[in-house]
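This is data_4.tsv. It holds TSV, C-alpha atoms.
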chain	number	residue	atom	x	y	z
A	1	MET	CA	-11.85	12.72	11.18
A	2	TRP	CA	-11.45	13.16	14.94
A	3	THR	CA	-11.84	9.40	15.48
A	4	ARG	CA	-9.08	8.77	12.93
A	5	ARG	CA	-6.78	11.21	14.74
A	6	PHE	CA	-7.59	9.59	18.07
A	7	CYS	CA	-6.78	6.16	16.60
A	8	ASN	CA	-3.43	7.46	15.34
A	9	PHE	CA	-2.66	8.88	18.79
A	10	VAL	CA	-3.35	5.50	20.39
A	11	LEU	CA	-1.36	3.72	17.66
A	12	HIS	CA	1.73	5.84	18.30
A	13	ILE	CA	1.64	4.87	21.99
A	14	LEU	CA	1.20	1.17	21.15
A	15	PHE	CA	3.99	1.27	18.57
A	16	LYS	CA	6.45	2.55	21.19
A	17	ILE	CA	5.44	-0.18	23.61
A	18	LEU	CA	5.19	-3.17	21.24
A	19	LEU	CA	7.49	-2.40	18.31
A	20	ARG	CA	11.01	-1.29	17.39
A	21	LEU	CA	9.99	0.78	14.41
A	22	GLU	CA	12.29	2.05	11.66
A	23	VAL	CA	10.85	4.28	8.93
A	24	VAL	CA	12.78	5.24	5.79
A	25	GLY	CA	11.62	7.65	3.09
A	26	LEU	CA	9.04	9.87	4.77
A	27	GLU	CA	10.41	12.74	2.69
A	28	ASN	CA	8.92	11.00	-0.39
A	29	VAL	CA	5.32	11.54	0.77
A	30	PRO	CA	3.61	14.26	-1.31
A	31	PRO	CA	2.24	16.90	1.09
A	32	GLY	CA	-1.12	17.16	-0.64
A	33	GLY	CA	-3.28	16.13	-3.56
A	34	PRO	CA	-4.77	12.76	-4.54
A	35	LEU	CA	-2.54	9.81	-3.68
A	36	ILE	CA	-2.77	6.03	-3.59
A	37	LEU	CA	-0.58	4.47	-0.91
A	38	ALA	CA	0.22	0.92	-2.08
A	39	ILE	CA	1.40	-1.29	0.78
A	40	THR	CA	2.71	-4.81	1.13
A	41	HIS	CA	0.34	-6.93	3.20
A	42	THR	CA	1.64	-9.59	5.57
A	43	ASN	CA	-0.81	-9.36	8.48
A	44	PHE	CA	-3.43	-7.19	10.16
A	45	LEU	CA	-0.81	-4.74	11.45
A	46	ASP	CA	0.14	-3.31	8.06
A	47	PRO	CA	-2.72	-0.82	7.48
A	48	ALA	CA	-2.40	0.38	11.08
A	49	LEU	CA	1.35	0.85	10.67
A	50	ALA	CA	0.84	2.78	7.44
A	51	GLY	CA	-1.81	5.01	9.00
A	52	GLY	CA	0.31	5.60	12.09
A	53	VAL	CA	3.49	6.69	10.31
A	54	MET	CA	2.09	8.67	7.39
A	55	PRO	CA	2.31	12.45	7.86
A	56	ARG	CA	-1.07	12.89	6.17
A	57	GLU	CA	-4.43	11.32	6.88
A	58	LEU	CA	-5.39	8.15	5.06
A	59	VAL	CA	-8.70	6.72	3.97
A	60	ILE	CA	-8.41	2.94	4.12
A	61	MET	CA	-10.04	0.38	1.86
A	62	SER	CA	-10.58	-2.77	3.92
A	63	LYS	CA	-12.04	-6.16	3.00
A	64	VAL	CA	-15.68	-6.46	4.00
A	65	GLU	CA	-14.94	-9.44	6.27
A	66	ASN	CA	-13.05	-7.12	8.65
A	67	PHE	CA	-16.25	-5.19	9.32
A	68	TRP	CA	-17.88	-8.38	10.62
A	69	HIS	CA	-15.06	-9.13	13.08
A	70	PRO	CA	-16.05	-8.34	16.70
A	71	ILE	CA	-12.86	-6.38	17.42
A	72	LEU	CA	-11.44	-5.42	14.02
A	73	GLY	CA	-14.89	-4.25	12.95
A	74	ILE	CA	-14.92	-1.60	15.67
A	75	ILE	CA	-11.40	-0.45	14.79
A	76	VAL	CA	-11.95	-0.13	11.02
A	77	ARG	CA	-15.17	1.81	11.59
A	78	LEU	CA	-13.51	4.17	14.06
A	79	TYR	CA	-10.73	4.71	11.54
A	80	GLY	CA	-13.22	5.65	8.84
A	81	ALA	CA	-12.38	2.74	6.54
A	82	PHE	CA	-14.81	1.60	3.85
A	83	PRO	CA	-15.44	-2.00	2.75
A	84	VAL	CA	-14.50	-3.75	-0.48
A	85	ARG	CA	-15.78	-7.14	-1.62
A	86	ARG	CA	-12.91	-9.21	-2.93
A	87	GLY	CA	-13.20	-11.53	-5.90
A	88	GLU	CA	-15.76	-9.37	-7.68
A	89	VAL	CA	-16.12	-5.97	-9.29
A	90	ASP	CA	-17.28	-3.93	-6.29
A	91	ARG	CA	-18.68	-0.84	-7.97
A	92	GLN	CA	-19.57	0.83	-4.69
A	93	ALA	CA	-15.97	0.51	-3.44
A	94	ILE	CA	-14.66	1.82	-6.77
A	95	ARG	CA	-17.03	4.79	-6.59
A	96	ARG	CA	-15.96	5.55	-3.01
A	97	SER	CA	-12.27	5.29	-3.97
A	98	LEU	CA	-12.71	7.75	-6.81
A	99	GLU	CA	-14.57	10.16	-4.51
A	100	VAL	CA	-11.70	10.04	-2.00
A	101	LEU	CA	-9.12	10.77	-4.69
A	102	ALA	CA	-11.26	13.46	-6.35
A	103	GLY	CA	-11.32	15.19	-2.97
A	104	GLY	CA	-7.51	15.34	-2.93
A	105	GLN	CA	-7.16	12.74	-0.18
A	106	ALA	CA	-4.79	9.79	0.26
A	107	LEU	CA	-6.23	6.30	-0.22
A	108	LEU	CA	-4.58	3.18	1.21
A	109	MET	CA	-4.75	0.00	-0.89
A	110	ALA	CA	-3.04	-3.40	-0.72
A	111	PRO	CA	-2.57	-4.49	-4.35
A	112	GLU	CA	-1.99	-8.11	-3.29
A	113	GLY	CA	-5.62	-8.21	-2.22
A	114	THR	CA	-5.07	-10.37	0.86
A	115	ARG	CA	-2.52	-10.98	3.60
A	116	SER	CA	0.35	-13.30	2.74
A	117	GLY	CA	1.17	-14.36	6.30
A	118	HIS	CA	4.73	-15.25	5.25
A	119	GLY	CA	6.03	-11.81	4.21
A	120	ARG	CA	6.79	-12.64	0.57
A	121	LEU	CA	5.17	-10.51	-2.11
A	122	GLN	CA	2.19	-12.09	-3.86
A	123	LYS	CA	0.82	-11.41	-7.33
A	124	GLY	CA	-0.83	-8.00	-7.62
A	125	HIS	CA	-4.41	-7.44	-8.80
A	126	ASP	CA	-5.55	-4.89	-11.37
A	127	GLY	CA	-8.00	-3.06	-9.09
A	128	MET	CA	-5.47	-0.50	-7.91
A	129	THR	CA	-4.29	0.11	-11.48
A	130	PHE	CA	-7.85	0.66	-12.69
A	131	ILE	CA	-8.59	3.19	-9.94
A	132	ALA	CA	-5.26	4.98	-10.41
A	133	LEU	CA	-5.94	5.37	-14.14
A	134	ARG	CA	-9.51	6.56	-13.64
A	135	ALA	CA	-8.44	9.12	-11.03
A	136	ASN	CA	-5.10	10.00	-12.67
A	137	ALA	CA	-3.64	9.57	-9.20
A	138	PRO	CA	0.02	8.96	-8.36
A	139	ILE	CA	0.99	5.83	-6.44
A	140	LEU	CA	3.33	5.82	-3.46
A	141	PRO	CA	4.80	2.36	-2.71
A	142	MET	CA	5.38	1.34	0.91
A	143	ALA	CA	7.13	-1.90	1.90
A	144	ILE	CA	6.56	-3.21	5.44
A	145	THR	CA	8.63	-6.07	6.86
A	146	GLY	CA	8.71	-7.84	10.20
A	147	GLY	CA	5.02	-8.02	11.05
A	148	GLU	CA	4.86	-11.78	10.55
A	149	HIS	CA	6.81	-12.21	13.82
A	150	PHE	CA	4.46	-10.02	15.89
A	151	TRP	CA	2.40	-12.70	17.64
A	152	ALA	CA	5.41	-14.91	18.42
A	153	ASN	CA	7.29	-11.95	19.91
A	154	LEU	CA	4.25	-10.77	21.84
A	155	SER	CA	3.85	-14.20	23.45
A	156	ARG	CA	7.47	-13.88	24.67
A	157	LEU	CA	6.92	-10.26	25.77
A	158	ARG	CA	9.41	-9.04	23.16
A	159	ARG	CA	9.17	-5.96	20.98
A	160	THR	CA	8.93	-6.70	17.26
A	161	PRO	CA	11.39	-5.03	14.85
A	162	ILE	CA	9.43	-3.48	11.97
A	163	LYS	CA	10.97	-1.72	8.99
A	164	ILE	CA	8.95	0.54	6.70
A	165	VAL	CA	10.46	1.77	3.43
A	166	ILE	CA	8.59	4.44	1.44
A	167	GLY	CA	9.60	4.70	-2.20
A	168	GLN	CA	9.22	7.29	-4.94
A	169	VAL	CA	5.82	8.12	-6.44
A	170	PHE	CA	4.90	7.04	-9.96
A	171	LEU	CA	1.93	7.18	-12.31
A	172	PHE	CA	0.53	4.72	-14.81
A	173	SER	CA	0.55	6.08	-18.35
A	174	ALA	CA	-0.30	4.59	-21.74
A	175	GLY	CA	0.32	7.81	-23.63
A	176	GLN	CA	-2.10	8.07	-26.56
A	177	LYS	CA	-2.41	4.30	-26.94
A	178	ARG	CA	-5.71	2.52	-26.44
A	179	PHE	CA	-5.34	-0.50	-24.22
A	180	GLY	CA	-7.24	-3.45	-22.80
A	181	ARG	CA	-6.91	-5.94	-19.98
A	182	THR	CA	-3.53	-7.28	-21.18
A	183	VAL	CA	-1.89	-3.86	-21.01
A	184	MET	CA	-3.54	-3.11	-17.66
A	185	SER	CA	-2.10	-6.34	-16.26
A	186	LYS	CA	1.31	-5.29	-17.57
A	187	MET	CA	0.91	-1.94	-15.79
A	188	THR	CA	0.08	-3.79	-12.57
A	189	GLU	CA	3.18	-5.93	-12.98
A	190	GLU	CA	5.39	-2.87	-13.50
A	191	GLY	CA	3.90	-1.21	-10.43
A	192	MET	CA	4.44	-4.32	-8.33
A	193	TYR	CA	8.10	-4.41	-9.33
A	194	GLN	CA	8.43	-0.83	-8.01
A	195	LEU	CA	7.07	-2.12	-4.69
A	196	ALA	CA	9.25	-5.24	-4.77
A	197	ALA	CA	12.39	-3.14	-5.24
A	198	LEU	CA	11.86	-1.70	-1.73
A	199	LEU	CA	11.95	-5.16	-0.14
A	200	PRO	CA	14.92	-7.37	0.76
A	201	PRO	CA	15.54	-9.94	-2.02
A	202	GLU	CA	14.11	-12.83	0.02
A	203	ARG	CA	10.80	-10.94	0.44
A	204	ARG	CA	10.15	-10.09	-3.21
A	205	GLY	CA	8.23	-13.30	-3.86
A	206	VAL	CA	6.80	-13.60	-7.39
A	207	TYR	CA	8.58	-10.32	-8.28
A	208	SER	CA	12.03	-11.49	-7.20
A	209	ASP	CA	13.57	-11.17	-10.67
A	210	LEU	CA	14.11	-7.42	-10.88
A	211	ASP	CA	16.12	-7.94	-14.08
A	212	SER	CA	12.85	-8.65	-15.91
A	213	ALA	CA	11.15	-5.46	-14.65
A	214	THR	CA	10.09	-2.88	-17.24
A	215	GLU	CA	8.77	0.70	-17.02
A	216	GLU	CA	7.01	1.03	-20.36
A	217	TYR	CA	3.77	2.24	-18.78
A	218	LEU	CA	5.18	4.18	-15.84
A	219	ALA	CA	5.79	7.90	-15.50
A	220	PHE	CA	7.74	9.58	-12.71
A	221	PRO	CA	6.86	13.16	-11.69
A	222	PRO	CA	9.60	15.82	-11.66
A	223	GLY	CA	11.79	15.33	-8.63
A	224	SER	CA	11.19	11.58	-8.36
A	225	SER	CA	12.73	8.58	-10.09
A	226	SER	CA	12.42	4.83	-10.46
A	227	ASN	CA	12.53	2.66	-7.37
A	228	LEU	CA	14.47	0.02	-9.29
A	229	PRO	CA	18.21	-0.15	-8.59
A	230	LYS	CA	20.32	1.71	-11.12
A	231	GLY	CA	21.33	-0.47	-14.01
A	232	LEU	CA	18.15	-2.56	-13.90
A	233	LYS	CA	15.79	-0.08	-15.57
A	234	SER	CA	14.69	-1.11	-19.05
Could you write out this file's structure as structure tokens?
Amino acid sequence: MWTRRFCNFVLHILFKILLRLEVVGLENVPPGGPLILAITHTNFLDPALAGGVMPRELVIMSKVENFWHPILGIIVRLYGAFPVRRGEVDRQAIRRSLEVLAGGQALLMAPEGTRSGHGRLQKGHDGMTFIALRANAPILPMAITGGEHFWANLSRLRRTPIKIVIGQVFLFSAGQKRFGRTVMSKMTEEGMYQLAALLPPERRGVYSDLDSATEEYLAFPPGSSSNLPKGLKS
């Protein structure tokens, strides 16, 4: 825990030097209890940005390849991240995720599964939905834009404008209905539209058509509401 706090301290200093950071919606972060923070994923900066701005500590799920990187590997270990093997059912990562949530902690996940590089939202995977259902954990969407320009700006000694928008929490719910993979994929789609709604239209990618978004399998706790613009909810 102390290494995570030290990393956040260093991150805050680096953010002030390298970035022009704007954060919207911090009041939407639940102060306690199990939580999945679902972020957009453009480049390596995104998990660090999420961890640096969140008012509560995060446990980060990171692809196993990052642990092999000579520099990133040190950082993710210091931050207390745990590895996940992409492209397969990683039971150990699932078990660790459920332990984190059962302990009332916040877990960071990127439902796209990999960095886009271009800043447009990619198709979401069902892993986050599966874990959220098993843990009965709410999901907090966080949209991060601007990181794709970081290296170009750094080479010109310019600060990079980054905007972070934190939406309203939601839960996946099927009521009393039994469901299979098709319904789970529909849940994932509905959750991804909640994330897409926080992005500028040109960044929504495969979820650009908000008119087709549904909320059949979503529930919003008291005090929160849909992230979709009014008039689009169906």
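Here the question is which of A:Ile162, A:Val169, A:Ala102, A:Leu37 gets nearest to A:Ala135 using all atoms listed in the file, and that residue is A:Ala102.
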With all atoms of stretch 53-68 of chain A from the file as input, state the centre and edge lengths in Å to one decimal of the axis-aligned box that has 8 Å extra on each side, as AutoDock Vina command-line options.
--center_x -7.2 --center_y 1.7 --center_z 6.2 --size_x 37.4 --size_y 38.3 --size_z 24.8
Residue contacts of A:Val23 (7 Å, all atoms listed in the file) excluding same-chain residues fewer than 6 positions away, as a PyMOL selection string: chain A and resi 163-165
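When only C-alpha atoms are used to compute distances to A:Gly117, the closest of the residues A:Ile17, A:Met192, A:Ile39, A:Leu45 turns out to be A:Leu45.
Taking atom CA of A:Asp126 and atom CA of A:Glu216 as the two end points, the separation is 16.5 Å.
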Could you check how far atom CA of A:Ser224 sits from atom CA of A:Gln194, in Å to one decimal? 12.7 Å
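Here atom CA of A:Pro55 is placed at a distance of 17.6 Å from atom CA of A:Gly103.
Residues with at least one atom no more than 9 Å from (-8.4, 2.7, 12.9), using only C-alpha atoms, are A:Thr3, A:Arg4, A:Arg5, A:Phe6, A:Cys7, A:Asn8, A:Leu11, A:Pro47, A:Ala48, A:Gly51, A:Ile60, A:Leu72, A:Ile74, A:Ile75, A:Val76, A:Arg77, A:Leu78, A:Tyr79, A:Gly80, A:Ala81.
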